[in-house]
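Chemist: The structure file entry33.txt (compact mmCIF, C-alpha atoms and all ligand atoms) is provided below.
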```txt
# COMPACT_ATOMS: atom_id res chain seq x y z
CA MET O 1 11.30 21.88 -8.42
CA THR O 2 13.32 18.76 -7.63
CA LYS O 3 10.93 15.86 -7.72
CA LYS O 4 10.87 13.18 -5.06
CA LEU O 5 11.76 9.82 -6.64
CA VAL O 6 9.41 7.00 -5.72
CA ILE O 7 9.15 3.24 -6.17
CA ILE O 8 5.68 1.85 -5.46
CA ASP O 9 5.52 -1.79 -4.33
CA THR O 10 1.93 -2.94 -4.70
CA ASP O 11 -0.50 -5.88 -4.56
CA CYS O 12 -2.83 -3.76 -6.66
CA GLY O 13 -6.33 -3.96 -5.29
CA ILE O 14 -8.76 -1.05 -5.53
CA ASP O 15 -7.15 1.04 -2.80
CA ASP O 16 -3.71 0.49 -4.35
CA ALA O 17 -5.13 1.73 -7.67
CA GLN O 18 -6.32 4.84 -5.83
CA ALA O 19 -2.92 5.33 -4.17
CA ILE O 20 -1.07 4.87 -7.47
CA MET O 21 -3.32 7.45 -9.12
CA MET O 22 -2.55 9.82 -6.25
CA ALA O 23 1.18 9.39 -6.89
CA LEU O 24 0.76 9.90 -10.65
CA ALA O 25 -1.20 13.10 -10.04
CA ALA O 26 1.27 14.56 -7.52
CA PRO O 27 3.36 17.29 -9.18
CA ASN O 28 6.24 16.78 -6.69
CA LEU O 29 6.64 13.03 -7.35
CA GLU O 30 8.39 11.08 -10.07
CA VAL O 31 7.41 7.40 -10.08
CA LEU O 32 10.50 5.42 -11.13
CA ALA O 33 8.88 1.99 -11.10
CA LEU O 34 5.93 -0.06 -9.97
CA THR O 35 6.90 -3.40 -8.45
CA CYS O 36 4.23 -6.06 -8.03
CA VAL O 37 3.64 -8.60 -5.27
CA PHE O 38 0.88 -11.12 -4.49
CA GLY O 39 -1.76 -10.05 -1.95
CA ASN O 40 -5.12 -8.64 -2.95
CA ALA O 41 -4.88 -11.01 -5.94
CA ALA O 42 -2.40 -13.39 -7.57
CA VAL O 43 0.72 -11.54 -8.72
CA GLU O 44 -0.22 -12.07 -12.40
CA ASN O 45 -3.50 -10.24 -11.75
CA VAL O 46 -1.65 -7.55 -9.81
CA CYS O 47 0.62 -6.89 -12.82
CA GLN O 48 -2.40 -6.60 -15.12
CA ASN O 49 -4.12 -4.25 -12.67
CA VAL O 50 -1.10 -1.95 -12.46
CA LEU O 51 -0.79 -1.85 -16.26
CA LYS O 52 -4.51 -1.03 -16.44
CA VAL O 53 -4.17 1.86 -13.99
CA LEU O 54 -1.22 3.28 -15.95
CA SER O 55 -3.21 2.95 -19.16
CA VAL O 56 -6.25 4.77 -17.69
CA CYS O 57 -3.94 7.59 -16.57
CA GLU O 58 -1.98 7.52 -19.86
CA ARG O 59 1.30 6.93 -18.03
CA GLN O 60 2.44 3.69 -19.71
CA GLU O 61 6.02 4.97 -19.86
CA ILE O 62 6.51 3.97 -16.20
CA PRO O 63 8.08 0.48 -16.00
CA VAL O 64 6.22 -2.35 -14.23
CA PHE O 65 8.04 -5.34 -12.71
CA GLN O 66 6.65 -8.68 -11.53
CA GLY O 67 7.74 -9.77 -8.06
CA CYS O 68 6.96 -12.48 -5.51
CA ALA O 69 3.97 -14.79 -5.94
CA GLY O 70 3.75 -15.92 -2.32
CA PRO O 71 5.12 -15.39 1.21
CA LEU O 72 8.64 -16.33 2.33
CA ILE O 73 7.29 -19.21 4.42
CA GLY O 74 4.19 -21.35 3.98
CA VAL O 75 1.45 -21.28 1.41
CA ASN O 76 -0.41 -18.26 0.12
CA ASN O 77 -3.31 -17.61 2.52
CA PRO O 78 -6.74 -17.48 0.88
CA PHE O 79 -7.61 -14.03 2.17
CA SER O 80 -7.61 -12.26 -1.16
CA ASP O 81 -11.29 -11.69 -1.93
CA HIS O 82 -11.60 -8.22 -0.42
CA PHE O 83 -11.69 -6.53 -3.84
CA GLY O 84 -12.98 -9.51 -5.87
CA GLY O 85 -10.97 -12.36 -7.40
CA ASP O 86 -8.98 -10.11 -9.75
CA GLY O 87 -8.33 -7.39 -7.13
CA LEU O 88 -10.23 -4.74 -9.06
CA GLY O 89 -13.82 -5.73 -8.37
CA ASP O 90 -14.22 -8.37 -11.14
CA VAL O 91 -15.82 -5.84 -13.50
CA ILE O 92 -13.14 -5.20 -16.15
CA ASP O 93 -14.26 -6.72 -19.47
CA ASP O 94 -11.46 -5.52 -21.74
CA LYS O 95 -8.49 -7.46 -20.29
CA ASP O 96 -5.30 -6.99 -22.31
CA PRO O 97 -4.11 -10.35 -23.76
CA GLN O 98 -0.70 -8.75 -24.44
CA TRP O 99 -0.09 -7.73 -20.81
CA LYS O 100 2.95 -9.98 -20.28
CA GLU O 101 4.84 -8.26 -23.09
CA LYS O 102 4.31 -4.90 -21.41
CA LEU O 103 6.09 -5.98 -18.22
CA HIS O 104 9.78 -5.23 -17.81
CA PRO O 105 11.64 -8.60 -17.90
CA GLU O 106 13.70 -7.89 -14.76
CA HIS O 107 12.46 -9.31 -11.44
CA ALA O 108 10.86 -6.67 -9.19
CA VAL O 109 13.37 -7.25 -6.38
CA ASN O 110 16.36 -6.79 -8.71
CA ALA O 111 14.76 -3.64 -10.12
CA MET O 112 14.31 -2.18 -6.63
CA ILE O 113 17.94 -2.84 -5.73
CA ARG O 114 19.20 -1.46 -9.05
CA LEU O 115 17.19 1.78 -8.79
CA ALA O 116 18.05 2.33 -5.11
CA SER O 117 21.75 1.90 -5.98
CA GLU O 118 21.53 4.20 -9.00
CA TYR O 119 19.75 6.97 -7.03
CA GLU O 120 21.33 6.36 -3.63
CA LYS O 121 19.51 8.12 -0.73
CA GLN O 122 17.06 9.71 -3.17
CA VAL O 123 14.34 7.08 -3.49
CA SER O 124 11.25 6.84 -1.31
CA LEU O 125 9.80 3.35 -1.26
CA VAL O 126 6.05 3.13 -0.74
CA ALA O 127 4.92 -0.40 0.16
CA LEU O 128 1.21 -1.10 -0.24
CA GLY O 129 1.06 -4.90 -0.03
CA PRO O 130 2.68 -7.83 1.78
CA LEU O 131 6.37 -6.97 2.34
CA THR O 132 7.87 -10.02 0.59
CA ASN O 133 9.71 -8.11 -2.15
CA LEU O 134 11.28 -5.79 0.45
CA ALA O 135 12.42 -8.68 2.66
CA LEU O 136 14.02 -10.42 -0.30
CA ALA O 137 15.71 -7.19 -1.34
CA VAL O 138 17.54 -6.85 1.98
CA ARG O 139 18.62 -10.50 1.79
CA LEU O 140 20.04 -9.99 -1.72
CA ASP O 141 21.61 -6.63 -0.85
CA PRO O 142 22.05 -5.97 2.90
CA ARG O 143 22.79 -2.30 2.10
CA PHE O 144 19.48 -1.86 0.27
CA PRO O 145 17.65 -0.17 3.21
CA GLN O 146 20.40 2.39 3.76
CA LYS O 147 20.34 3.27 0.06
CA LEU O 148 16.72 4.41 0.44
CA ARG O 149 15.72 7.94 1.40
CA ASP O 150 12.76 6.65 3.40
CA LEU O 151 10.06 3.98 3.55
CA PHE O 152 6.28 4.33 3.79
CA ILE O 153 4.24 1.24 4.61
CA MET O 154 0.50 0.63 4.69
CA GLY O 155 0.21 -2.19 7.16
CA GLY O 156 0.08 -3.36 10.72
CA ASN O 157 -2.28 -2.53 13.54
CA ILE O 158 -1.79 -0.92 16.93
CA GLU O 159 -4.85 -1.82 19.01
CA GLY O 160 -4.53 -5.61 18.91
CA LYS O 161 -7.63 -6.00 16.73
CA GLY O 162 -7.11 -7.57 13.31
CA ASN O 163 -9.03 -7.38 10.06
CA VAL O 164 -8.27 -10.83 8.59
CA THR O 165 -7.34 -12.80 11.68
CA LEU O 166 -8.30 -11.99 15.25
CA CYS O 167 -5.21 -9.87 15.85
CA ALA O 168 -3.47 -9.18 12.51
CA GLU O 169 -3.90 -6.73 9.66
CA PHE O 170 -4.07 -8.08 6.08
CA ASN O 171 -0.67 -7.01 4.63
CA PHE O 172 1.27 -8.22 7.68
CA ALA O 173 -0.84 -11.38 8.07
CA MET O 174 -0.15 -12.40 4.46
CA ASP O 175 3.59 -12.63 5.16
CA PRO O 176 4.48 -12.07 8.83
CA GLU O 177 8.14 -13.12 8.38
CA SER O 178 8.68 -10.47 5.71
CA ALA O 179 6.99 -7.80 7.83
CA TYR O 180 9.27 -8.84 10.72
CA ILE O 181 12.42 -8.66 8.57
CA VAL O 182 11.53 -5.24 7.18
CA LEU O 183 10.77 -3.69 10.57
CA GLU O 184 13.95 -5.16 12.09
CA GLU O 185 16.39 -4.51 9.25
CA PHE O 186 15.24 -1.40 7.37
CA LEU O 187 17.08 1.27 9.34
CA CYS O 188 16.01 4.06 6.96
CA PRO O 189 13.30 6.45 8.24
CA THR O 190 10.17 4.26 8.30
CA HIS O 191 6.59 5.53 8.41
CA LEU O 192 3.64 3.26 9.11
CA ALA O 193 0.06 3.95 8.05
CA THR O 194 -1.68 1.30 10.12
CA TRP O 195 -5.16 -0.17 9.77
CA GLU O 196 -6.42 2.02 12.63
CA TYR O 197 -4.81 5.18 11.23
CA SER O 198 -6.78 4.66 8.02
CA GLY O 199 -10.00 3.60 9.73
CA ARG O 200 -9.96 6.41 12.29
CA ASN O 201 -9.34 9.04 9.62
CA ALA O 202 -12.11 7.90 7.29
CA LEU O 203 -13.92 10.18 4.86
CA THR O 204 -17.69 10.37 4.51
CA TRP O 205 -19.70 8.37 1.98
CA GLU O 206 -20.90 11.71 0.60
CA PHE O 207 -17.27 12.55 -0.12
CA PHE O 208 -16.86 9.17 -1.86
CA GLU O 209 -19.86 9.92 -4.15
CA GLU O 210 -18.40 13.29 -5.07
CA LEU O 211 -14.96 11.72 -5.62
CA ILE O 212 -16.01 9.01 -8.10
CA ASN O 213 -18.55 11.16 -9.93
CA GLN O 214 -15.96 13.63 -11.20
CA ASP O 215 -15.72 14.06 -14.96
CA ALA O 216 -12.42 12.35 -15.87
CA PRO O 217 -11.33 8.89 -17.09
CA SER O 218 -9.66 8.07 -13.74
CA ALA O 219 -12.86 8.88 -11.81
CA ARG O 220 -14.99 6.83 -14.22
CA PHE O 221 -12.56 3.93 -13.79
CA MET O 222 -12.75 4.15 -9.99
CA LYS O 223 -16.55 4.34 -10.14
CA MET O 224 -16.60 1.18 -12.27
CA VAL O 225 -14.23 -0.92 -10.12
CA THR O 226 -15.96 0.06 -6.86
CA SER O 227 -19.48 -0.45 -8.30
CA LYS O 228 -19.94 -4.09 -7.24
CA CYS O 229 -17.42 -4.26 -4.40
CA TRP O 230 -18.80 -4.75 -0.88
CA ALA O 231 -15.83 -2.89 0.63
CA TYR O 232 -17.12 0.28 -1.09
CA SER O 233 -20.75 -0.29 -0.16
CA LYS O 234 -22.12 1.88 2.62
CA GLU O 235 -24.73 -0.79 3.41
CA ALA O 236 -22.31 -3.75 3.43
CA MET O 237 -19.84 -1.97 5.72
CA LYS O 238 -22.47 -1.29 8.39
CA ASN O 239 -21.97 -4.75 9.90
CA LYS O 240 -18.23 -4.91 9.23
CA ARG O 241 -15.73 -2.05 9.57
CA ASP O 242 -18.30 0.42 10.90
CA VAL O 243 -18.77 -1.68 14.04
CA TYR O 244 -15.21 -0.78 15.05
CA PHE O 245 -14.54 2.60 13.47
CA GLY O 246 -17.96 4.09 12.80
CA PRO O 247 -19.33 4.81 9.32
CA GLY O 248 -17.10 6.10 6.53
CA PHE O 249 -15.23 5.43 3.32
CA VAL O 250 -11.62 4.22 3.73
CA SER O 251 -8.99 4.00 1.00
CA TYR O 252 -6.23 2.30 3.05
CA ASP O 253 -3.18 2.49 0.79
CA ALA O 254 -3.83 6.10 -0.11
CA TYR O 255 -2.95 7.11 3.47
CA ALA O 256 0.62 5.81 3.12
CA MET O 257 0.98 7.46 -0.29
CA ALA O 258 -0.37 10.78 0.98
CA ALA O 259 2.23 10.81 3.78
CA CYS O 260 4.97 10.38 1.17
CA ILE O 261 3.58 13.14 -1.05
CA ASP O 262 3.07 15.67 1.75
CA GLY O 263 4.44 14.96 5.23
CA SER O 264 2.32 17.76 6.71
CA ILE O 265 -0.77 15.56 6.20
CA VAL O 266 0.39 13.51 9.19
CA LEU O 267 -0.49 15.70 12.16
CA GLU O 268 0.64 13.29 14.88
CA SER O 269 2.61 10.07 15.06
CA ILE O 270 4.04 7.77 17.69
CA GLU O 271 7.82 7.40 17.44
CA CYS O 272 8.89 4.10 18.97
CA PRO O 273 10.53 0.73 18.26
CA VAL O 274 8.18 -1.82 16.72
CA ARG O 275 8.23 -5.56 16.13
CA VAL O 276 5.98 -8.12 14.42
CA GLU O 277 4.75 -11.12 16.44
CA LEU O 278 5.58 -14.41 14.71
CA GLN O 279 4.77 -17.06 17.34
CA GLY O 280 1.38 -16.34 18.89
CA SER O 281 -1.44 -18.75 18.13
CA MET O 282 -3.84 -15.80 17.99
CA THR O 283 -1.47 -12.88 17.44
CA ARG O 284 0.82 -14.05 14.60
CA GLY O 285 1.36 -11.09 12.26
CA MET O 286 0.32 -8.48 14.82
CA LEU O 287 2.34 -5.27 15.06
CA VAL O 288 3.69 -4.61 18.56
CA LEU O 289 4.61 -1.09 19.70
CA ASP O 290 7.44 -0.97 22.22
CA ARG O 291 6.60 2.35 23.84
CA THR O 292 8.95 1.89 26.80
CA SER O 293 11.91 0.60 24.73
CA SER O 294 11.90 -2.78 26.47
CA LEU O 295 13.27 -4.49 23.37
CA LYS O 296 16.39 -2.28 23.41
CA LYS O 297 16.22 -1.87 19.64
CA SER O 298 18.57 0.55 17.91
CA HIS O 299 15.94 2.24 15.77
CA THR O 300 12.36 3.45 15.83
CA ALA O 301 9.49 3.78 13.39
CA SER O 302 6.97 6.61 13.00
CA VAL O 303 3.52 5.15 13.54
CA MET O 304 1.04 7.66 12.13
CA SER O 305 -1.85 8.49 14.45
CA LYS O 306 -3.61 11.67 13.30
CA CYS O 307 -4.28 12.79 9.74
CA ASP O 308 -5.21 16.15 8.22
CA VAL O 309 -8.32 14.66 6.65
CA ALA O 310 -9.18 17.81 4.68
CA LYS O 311 -5.74 17.86 3.01
CA PHE O 312 -5.91 14.11 2.42
CA GLY O 313 -9.33 14.46 0.81
CA GLN O 314 -7.98 17.18 -1.46
CA LEU O 315 -5.21 14.84 -2.71
CA LEU O 316 -7.79 12.13 -3.36
CA MET O 317 -10.00 14.53 -5.32
CA GLU O 318 -7.09 15.71 -7.47
CA SER O 319 -5.99 12.14 -8.15
CA LEU O 320 -9.25 11.38 -9.98
CA ARG O 321 -9.02 14.32 -12.37
CA GLN O 322 -6.47 12.71 -14.72
CA PRO O 323 -5.31 12.29 -17.39
CA CA J 1 -2.56 -2.99 -1.09
```
Using structure tokens, write down the structure that the file contains.

Modeler:
Amino acid sequence: MTKKLVIIDTDCGIDDAQAIMMALAAPNLEVLALTCVFGNAAVENVCQNVLKVLSVCERQEIPVFQGCAGPLIGVNNPFSDHFGGDGLGDVIDDKDPQWKEKLHPEHAVNAMIRLASEYEKQVSLVALGPLTNLALAVRLDPRFPQKLRDLFIMGGNIEGKGNVTLCAEFNFAMDPESAYIVLEEFLCPTHLATWEYSGRNALTWEFFEELINQDAPSARFMKMVTSKCWAYSKEAMKNKRDVYFGPGFVSYDAYAMAACIDGSIVLESIECPVRVELQGSMTRGMLVLDRTSSLKKSHTASVMSKCDVAKFGQLLMESLRQP
């Protein structure tokens, strides 16, 4: 079987860790590199989190690269407490003092460009955090997007309701200019797993209990990092996400990864041009769907709308049975 080559760009919080484990467990994927970006935590924490996930899964041979520490414009917004200060629930005691030596010395953006050039039209890029590394990549190499096979993004929203600001989703809100650049200039096939796609295809809390109580190091790790995190608390979510989507467990980034692993998991999507709002006093960072082609753009994106939740759940289950 020819494996699908993948680069994962991540701001490694808990749901990124889950998505990375899903990629590592997928028999049809070969992860070429993990590139880190600020977001759920400072980029130094993100690097440590990615190294930790690889260590839990015994996959330390995969290279990890440090990328951007903040957005293209402005200061880093203080939104990053969703998964605790370190991004993985603030429960890991055995931090590795040698983590810096385990990083590849090349900058994440240079690594992305190098790998996409080496394996032209073969690499799927899965972006799970703010899109800063991707925006820089197209500025350094304007042909970078066309060298990719395709692009999967967790980010954006389609109903005008935000999760960190009134109207914007976290990954896009953290660096709206980068999200704008990527959705304007990446002409490769682009697939968006939005906030609503994840929230409306949630799994049950009973499923979550079964998932993290499996007998494997990866499941024990996920149980530990979710143990004190309000985002994985059925009670805490009652007054938050549940108000909009109804009760359920949501692992956001895993939805983008699942679409890359098995396209048949996406049952329905909306194919249309999209753009990111940069000016609005309430809507900055919001994803806009141009369903009547008013913008006269030359390309469209696939905005996922319906998920095969049973298949998705199966991928999640398998991901926590390693190493
Ligand atoms: Ca993420």

Chemist: Using all atoms listed in the file, list the residues that have an atom at most 7 Å from (9.9, 11.5, -8.9), coordinates as in the file, as a count of residues only.

Modeler: 9

Chemist: Neighbours of ligand CA 1 (chain J) at 7 Å or closer, counting all atoms listed in the file: which residues, as an NGL selection string?

Modeler: :O and (10-13 or 15-16 or 40 or 128-129 or 253)

Chemist: So which residues touch Phe152 in chain O within 6 Å, counting all atoms listed in the file, skipping near sequence neighbours fewer than 4 positions away, as JSON, numbers by chain?

Modeler: {"O": [126, 190, 191, 256]}

Chemist: Just give me the gap between CA of Ile158 in chain O and CA of Ile73 in chain O in Å, one decimal is fine.

Modeler: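 Interatomic distance here is 23.9 Å.
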
Chemist: Please measure the separation of CA of Val50 in chain O and CA of Gln214 in chain O, giving the value in Å to one decimal.

Modeler: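 One can read the CA of Val50 in chain O to CA of Gln214 in chain O distance as 21.6 Å.
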
Chemist: May I ask which of the residues O:Thr165, O:Thr35, O:Ser233, O:Asn49 is the closest one to Ala137 in chain O, counting only C-alpha atoms?

Modeler: O:Thr35

Chemist: Can you pull out the residues contacting Gln98 in chain O? Cut-off 12 Å, using only C-alpha atoms, and skip same-chain residues under 6 positions away; I want them as a list in words.

Modeler: Cys47, Gln48, Leu51 and Lys52 of chain O

Chemist: Rank O:Pro189, O:Pro145, O:Pro176, O:Gly263 by their smallest atom-to-atom distance to Thr283 in chain O, using all atoms listed in the file, and report the top residue only.

Modeler: O:Pro176
